[in-house]
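Trainee: I'd like to ask some things about the structure below.
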Amino acid sequence: MSPIHDQSYRHYAGVKAPLGRSWTVIASAGIMTIVRKRVFLAILFVGWVQFFGRAIGFYFSNTIQQLSVLSASAETFRSFLEYQGFIVFVITIYVGAGLIAQDRRANALQLYLSKPLLRSEYIVGKLAVLAAFLLLVTMVPALMLLLVQVVLAGSSGFLKTNTFLIPAIVLASLLQVLLASVTMLALSSLSKSARFVAIMYAGVLFFTKAIFGVLYAITGTTAVAWVSPGENLAQVVDVIFRLKPRYATPWQVSLLVIIGLVAASVSVLERRVRGVEVVT
Amino acid sequence: MRVFDLSVSEMLWSRRTIFMALVVGAPVLIALFLRMLDAFGAPVFRVNNAMMAGPAIFGLMIWVFYLRFTVPVLGVFYGTSLIADEVEDKTITYLFTRPIPKGAVLMGKYFAYLACTLFVVLPSVVIVYLSIVPMRGNLGASFLDLLKDLGLLAIGLAVYGAVFAFIGARFKRPLLVGLIFIFGWEQAALAFPGYLKKFTVAYYLQAMVPHAMPNDSVVSLIQGVFRESPSLVESLVWLAAILFVFLCAAAASVERKEYILEQ
Amino acid sequence: MAVEAVVMGTVPVVTAEHVSKWYGQVIGLNDVSVSVPPGVTGLLGPNGAGKSTFMKLITGQLRPSKGDVKVLGEPIWRNPHLYFQIGFCPEQDAFYDRMTGLEWVRALVRLNGLTEKEADEAARRALAAVDLMEAAGKKIGAYSKGMRQRVKMAQALVHDPQLLILDEPLAGMDPIGRRKTIRLIRDWGRAGKSIIVSSHILHEIESMTSNILLINNGRILAEGDVHQIRDLIDEHPHTVYVRAEDPRRVARQFLDDTTDDVRSLRFEPGAVVVETGRPDAFYARLTDMAASGEFGAIDEVTSPDDNLQAVFQYLVK
């Protein structure tokens, strides 16, 4: 054997992950990029403030009889998720607006899709970045709040009475996160400017809310709630938590609107996420 | 003025303005749709068995659509992007290497924003007025209210634009800061008693609205409870002061700031 | 007053005194002191050397973290009045794509205070100067890369500035376009304009000017005439290529002589290549040898490293 080692290129001889796992690489790279920003960590912290506030409320309700009004119920967890809506909006804009837009701006889509990476893996990977952070401020604190309630109560009585809460929290959170992340990702694929995507998302959200406000004030009925994605989500989540739906719109209609929005977003993503843009 | 000329055509035909036109076009479509429903005798305007008249509906739309949504949102979208758009597109270099102060560039773009938004929003209000008010109402009787509304919305666009021009010049994520300001701070501050509400633009603008405030949500109800109305003169003075201070602060910020373009 | 002095050629067009610029923890320019004389000056350095930072400082887009930058005798930061005399062609490929070339140049020159009519005339002149009049009515979005570079140059010179600052003006151009632009730059220099051109391509700068500013890692390595700089690099010997009828005889004479100006030599077909630490003495000796005719015909004498490439490599290594 020669004492001088071969310095030329050597082919990779190790184990290769099978096709279909590449989305984890995109997801982890995206998550690490966002987590390094201190401003975002501050936003995440703010997202947990409600959890700490309610946990303290549970503590007092279990300790001081006069404060039992602060004790948990199904509505507590439902309203927890509702009030997290604002932080979901902020995180969706902060994290989601540039997810695909920046790749389009840097012409990185061609690079990505020239690797052995399916388009669906790319989309799932990007979705996972946003969904991970949104679940971190919805499902995770809500489930932890339930755990806190059980621990502070010293018995599983509450949980036994409200067994449906665990799947309800999971389902409601997933629905909230799915709607926000898929629609934001679709909008992000439409532009090269993250700022413009953020404007479009905020515009659509508040605009539809304003339309609902006007129609409700004019007609006096909440049957027009279907025009606003936010109200549709609220309606369906009420049903998931076995509460009386807040609007006159049938919850099935609300669910259909949400499914329609998700389907439209997926369709947009399918058309826009391509390695090559053909301009005629 | 020359920056105004250069910017106004760019702004008018940008994607942002097309998006804005859709936004202000929606109340027009809704107004026409309601007019059509009314023409067919549909009982959509019956609230608690009382028929809503056209002027009341118009007032409602001014509050809910224009004052609470369109004006602040357009202020955020345009105001925060006056310089940021040029930086992102890397065309700021051409403007900042001309013999005009950087602050003048901002001013020119601000006036271009004002021209574009007034050009799109005010006609929309007029069309809604002409469509809605004749339903159980009188165009002539409500004309003064229309003029007040147009003036009020123009002032709102000017003041919000100045505030967000400063936020755009100063902060790294101005859009997020702007949205938190209008949908977070202003909503909350108006719902509290005391002096907090005086640190909002909405407090002074809403004082000048000639229509009754609607109670279309819990937040509106609470705001209605704590609502105070400063006099017209006081509102105008404070709004002028806010406009002047924030516009000067924005210009000063742009003068001193270094813009490092993405490579 | 300062501008007039520059026009007379007595005052540097750009002076930087102990200028440093850092971006957070990264140093862009490190204690740079330099004077750029009137005329054409090439700013040369590899990617990441600090050329763009220097360009942005002298065009007032950035403020130095330390030190002073003066252009045409006056501080440039927050001094918009100077831009009447400065034309800047930036590196980035960014335009208002919806505008035509003529509209764009006209709109920009109007910011110099020209009337509509004057602006139109000036814009047409500038576009004609860069050979773009035929495409003046087309939208910039439809321009080729070379056309976009030229319309950028047009907006830089439309107001007939005294000083032109061109950041990588030849980037993306085809060879014909490059040649035309280099000729333009030389013509402008001869017409009395001062021009600072940045590039990382050595032969481009060499074909425009011999007055260079070499920059690397945020520091100025050398400034002045490229030949003078080369001469001053004592530790790097000059290479002289001598094609002769009898190279070995010539080489023997180089070595026989008592003078110690030859450090090494090697042979190539029909020639001897000499390394000398004292080029002036060596050339004088070579001239005498050629004139005497005793060592056979000496057909060609060239110095392959009396050029920018060699200077650059020596200094940047």
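Residue names in the structure tokens use chain letters A, B, ... in the order shown, residue numbers from 1 in each chain, and ligand numbers from 1 in the order shown.
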Could you tell me which residues of chain B sit within 10 Å of chain C when counting only C-alpha atoms, and give me the result as a PyMOL selection string?
Mentor: chain B and resi 1-3+5-7+9-10+13-14+86+88-102+105+255-263
Trainee: Residues of chain A within 12 Å of chain B: nearest atom pair and distance (Å, one decimal) for each, counting only C-alpha atoms, sorted by chain and number, as CSV?
Mentor:
residue,atom,partner,partner_atom,distance
A:Val39,CA,B:Arg173,CA,10.2
A:Phe40,CA,B:Arg173,CA,11.5
A:Ile43,CA,B:Leu176,CA,11.5
A:Phe86,CA,B:Gly184,CA,8.8
A:Ile87,CA,B:Ile180,CA,10.4
A:Phe89,CA,B:Leu176,CA,10.0
A:Val90,CA,B:Leu176,CA,7.3
A:Ile91,CA,B:Leu176,CA,9.9
A:Thr92,CA,B:Leu176,CA,10.9
A:Ile93,CA,B:Leu176,CA,7.8
A:Tyr94,CA,B:Leu176,CA,7.8
A:Val95,CA,B:Leu176,CA,11.6
A:Ala97,CA,B:Leu176,CA,11.3
A:Gln102,CA,B:Glu88,CA,11.8
A:Arg105,CA,B:Glu88,CA,10.8
A:Ala106,CA,B:Gln263,CA,10.6
A:Leu190,CA,B:Arg15,CA,11.7
A:Ser191,CA,B:Arg15,CA,10.2
A:Lys192,CA,B:Glu88,CA,10.6
A:Ser193,CA,B:Glu88,CA,8.3
A:Ala194,CA,B:Glu88,CA,10.1
A:Arg195,CA,B:Leu175,CA,7.6
A:Phe196,CA,B:Arg16,CA,7.6
A:Val197,CA,B:Arg16,CA,10.4
A:Ala198,CA,B:Leu175,CA,8.0
A:Ile199,CA,B:Phe77,CA,6.6
A:Met200,CA,B:Phe19,CA,7.9
A:Tyr201,CA,B:Phe19,CA,11.4
A:Ala202,CA,B:Leu179,CA,8.3
A:Gly203,CA,B:Val73,CA,7.6
A:Val204,CA,B:Val23,CA,8.8
A:Leu205,CA,B:Phe69,CA,11.0
A:Phe206,CA,B:Phe69,CA,7.4
A:Phe207,CA,B:Phe69,CA,7.2
A:Thr208,CA,B:Val23,CA,9.8
A:Lys209,CA,B:Phe69,CA,9.4
A:Ala210,CA,B:Phe65,CA,5.9
A:Ile211,CA,B:Phe65,CA,7.3
A:Phe212,CA,B:Val64,CA,9.6
A:Gly213,CA,B:Asp216,CA,6.3
A:Val214,CA,B:Val64,CA,6.2
A:Leu215,CA,B:Ile30,CA,8.7
A:Tyr216,CA,B:Asp216,CA,7.4
A:Ala217,CA,B:Asp216,CA,6.0
A:Ile218,CA,B:Phe45,CA,5.8
A:Thr219,CA,B:Val44,CA,5.0
A:Gly220,CA,B:Val47,CA,5.1
A:Thr221,CA,B:Val47,CA,8.3
A:Thr222,CA,B:Asp216,CA,10.7
A:Ala223,CA,B:Val44,CA,11.5
A:Val224,CA,B:Val44,CA,11.2
Trainee: Filtering to N, CA and C atoms, could you give me those residues as a short mmCIF file (atom, residue, chain, number, x, y, z; two decimals), in the first residue's frame?
Mentor:
data_model
loop_
_atom_site.label_atom_id
_atom_site.label_comp_id
_atom_site.auth_asym_id
_atom_site.auth_seq_id
_atom_site.Cartn_x
_atom_site.Cartn_y
_atom_site.Cartn_z
N VAL A 39 -36.00 37.71 18.45
CA VAL A 39 -37.34 38.32 18.42
C VAL A 39 -38.40 37.23 18.39
N PHE A 40 -38.13 36.19 17.63
CA PHE A 40 -39.12 35.12 17.54
C PHE A 40 -39.25 34.39 18.87
N ILE A 43 -41.55 36.25 20.89
CA ILE A 43 -42.95 36.05 20.47
C ILE A 43 -43.47 34.71 21.03
N PHE A 86 -54.65 35.25 18.24
CA PHE A 86 -53.85 36.41 17.85
C PHE A 86 -52.39 36.02 17.69
N ILE A 87 -51.89 35.22 18.66
CA ILE A 87 -50.49 34.82 18.57
C ILE A 87 -50.29 33.88 17.38
N PHE A 89 -51.85 34.18 14.61
CA PHE A 89 -51.78 35.11 13.48
C PHE A 89 -50.38 35.71 13.36
N VAL A 90 -49.82 36.15 14.49
CA VAL A 90 -48.49 36.79 14.47
C VAL A 90 -47.43 35.79 14.01
N ILE A 91 -47.47 34.57 14.56
CA ILE A 91 -46.46 33.57 14.20
C ILE A 91 -46.62 33.15 12.74
N THR A 92 -47.86 33.03 12.30
CA THR A 92 -48.09 32.65 10.89
C THR A 92 -47.46 33.66 9.95
N ILE A 93 -47.62 34.93 10.29
CA ILE A 93 -47.05 35.97 9.43
C ILE A 93 -45.53 35.97 9.56
N TYR A 94 -45.04 35.90 10.77
CA TYR A 94 -43.59 35.99 10.99
C TYR A 94 -42.85 34.83 10.34
N VAL A 95 -43.36 33.63 10.55
CA VAL A 95 -42.66 32.44 10.06
C VAL A 95 -43.07 32.10 8.63
N ALA A 97 -44.73 33.80 6.03
CA ALA A 97 -44.80 34.66 4.84
C ALA A 97 -43.64 34.41 3.88
N GLN A 102 -39.38 33.48 -0.23
CA GLN A 102 -37.94 33.74 -0.26
C GLN A 102 -37.22 32.76 -1.16
N ARG A 105 -37.78 34.01 -4.57
CA ARG A 105 -36.97 35.22 -4.82
C ARG A 105 -35.53 34.85 -5.14
N ALA A 106 -35.00 33.86 -4.41
CA ALA A 106 -33.60 33.47 -4.60
C ALA A 106 -33.44 32.41 -5.69
N LEU A 190 -47.29 32.46 -4.06
CA LEU A 190 -47.79 33.33 -5.13
C LEU A 190 -46.90 34.54 -5.38
N SER A 191 -45.96 34.78 -4.49
CA SER A 191 -45.18 36.00 -4.60
C SER A 191 -43.72 35.76 -4.27
N LYS A 192 -42.87 36.74 -4.68
CA LYS A 192 -41.46 36.67 -4.31
C LYS A 192 -41.16 37.59 -3.13
N SER A 193 -42.18 38.30 -2.67
CA SER A 193 -41.96 39.24 -1.59
C SER A 193 -42.69 38.77 -0.35
N ALA A 194 -41.93 38.47 0.70
CA ALA A 194 -42.53 37.99 1.95
C ALA A 194 -43.46 39.04 2.53
N ARG A 195 -43.08 40.30 2.34
CA ARG A 195 -43.89 41.37 2.90
C ARG A 195 -45.25 41.44 2.21
N PHE A 196 -45.26 41.26 0.93
CA PHE A 196 -46.52 41.31 0.20
C PHE A 196 -47.41 40.14 0.59
N VAL A 197 -46.81 38.98 0.82
CA VAL A 197 -47.57 37.81 1.25
C VAL A 197 -48.22 38.10 2.61
N ALA A 198 -47.44 38.69 3.50
CA ALA A 198 -47.98 39.02 4.83
C ALA A 198 -49.16 39.98 4.70
N ILE A 199 -49.02 40.94 3.80
CA ILE A 199 -50.11 41.90 3.58
C ILE A 199 -51.35 41.19 3.07
N MET A 200 -51.16 40.30 2.10
CA MET A 200 -52.30 39.58 1.53
C MET A 200 -53.01 38.75 2.60
N TYR A 201 -52.21 38.05 3.40
CA TYR A 201 -52.80 37.18 4.42
C TYR A 201 -53.60 38.00 5.43
N ALA A 202 -52.95 39.06 5.94
CA ALA A 202 -53.64 39.91 6.92
C ALA A 202 -54.86 40.56 6.28
N GLY A 203 -54.70 40.99 5.04
CA GLY A 203 -55.81 41.65 4.35
C GLY A 203 -57.01 40.73 4.21
N VAL A 204 -56.76 39.51 3.75
CA VAL A 204 -57.87 38.57 3.55
C VAL A 204 -58.56 38.27 4.87
N LEU A 205 -57.78 38.04 5.90
CA LEU A 205 -58.33 37.69 7.21
C LEU A 205 -59.21 38.80 7.76
N PHE A 206 -58.66 40.01 7.81
CA PHE A 206 -59.41 41.12 8.41
C PHE A 206 -60.51 41.63 7.49
N PHE A 207 -60.28 41.51 6.22
CA PHE A 207 -61.27 41.95 5.26
C PHE A 207 -62.54 41.09 5.37
N THR A 208 -62.36 39.79 5.40
CA THR A 208 -63.53 38.90 5.50
C THR A 208 -64.23 39.11 6.84
N LYS A 209 -63.45 39.40 7.86
CA LYS A 209 -64.06 39.68 9.16
C LYS A 209 -64.91 40.96 9.08
N ALA A 210 -64.38 41.95 8.37
CA ALA A 210 -65.11 43.21 8.22
C ALA A 210 -66.40 43.00 7.42
N ILE A 211 -66.32 42.17 6.40
CA ILE A 211 -67.52 41.89 5.59
C ILE A 211 -68.57 41.23 6.47
N PHE A 212 -68.12 40.27 7.28
CA PHE A 212 -69.05 39.62 8.19
C PHE A 212 -69.68 40.64 9.13
N GLY A 213 -68.85 41.53 9.66
CA GLY A 213 -69.34 42.55 10.58
C GLY A 213 -70.43 43.41 9.94
N VAL A 214 -70.19 43.81 8.71
CA VAL A 214 -71.17 44.65 8.01
C VAL A 214 -72.46 43.88 7.74
N LEU A 215 -72.31 42.68 7.21
CA LEU A 215 -73.50 41.90 6.86
C LEU A 215 -74.31 41.55 8.11
N TYR A 216 -73.61 41.24 9.18
CA TYR A 216 -74.30 40.94 10.42
C TYR A 216 -75.06 42.15 10.94
N ALA A 217 -74.40 43.30 10.89
CA ALA A 217 -75.05 44.52 11.38
C ALA A 217 -76.25 44.90 10.52
N ILE A 218 -76.16 44.61 9.23
CA ILE A 218 -77.27 44.98 8.33
C ILE A 218 -78.41 43.99 8.46
N THR A 219 -78.09 42.70 8.45
CA THR A 219 -79.15 41.69 8.40
C THR A 219 -79.60 41.25 9.78
N GLY A 220 -78.75 41.49 10.78
CA GLY A 220 -79.11 41.10 12.14
C GLY A 220 -79.00 39.60 12.39
N THR A 221 -78.47 38.86 11.45
CA THR A 221 -78.35 37.41 11.63
C THR A 221 -76.90 36.98 11.47
N THR A 222 -76.52 35.95 12.24
CA THR A 222 -75.14 35.43 12.12
C THR A 222 -75.06 34.30 11.11
N ALA A 223 -76.12 34.11 10.36
CA ALA A 223 -76.08 33.07 9.33
C ALA A 223 -75.09 33.41 8.23
N VAL A 224 -74.63 34.67 8.21
CA VAL A 224 -73.66 35.09 7.19
C VAL A 224 -72.22 34.88 7.64
#
Trainee: Compare C:Val240, C:Asp187, C:Ile220, C:Glu121 by their minimum atom-to-atom distance to Asp280 of chain C, counting only C-alpha atoms, and give me the closest one.
Mentor: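 Comparing C:Val240, C:Asp187, C:Ile220, C:Glu121 against Asp280 of chain C, the winner is C:Val240.
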Trainee: Give the alpha helix (DSSP H) residues of segment 157-250 of chain A, as DSSP finds them on the backbone, and put them as an MDAnalysis selection string.
Mentor: chainID A and resid 157:161 165:188 194:219 229:240
Trainee: Calculated over only C-alpha atoms, which of the candidates C:Gly177, C:Gly67, C:Gly146, C:Gly137 has the smallest distance to Ala123 of chain C?
Mentor: C:Gly137
Trainee: Please compute the atom CA of Arg150 of chain C-atom CA of Thr181 of chain C distance, one decimal, in Å.
Mentor: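 Computing the Euclidean distance for atom CA of Arg150 of chain C and atom CA of Thr181 of chain C yields 8.3 Å.
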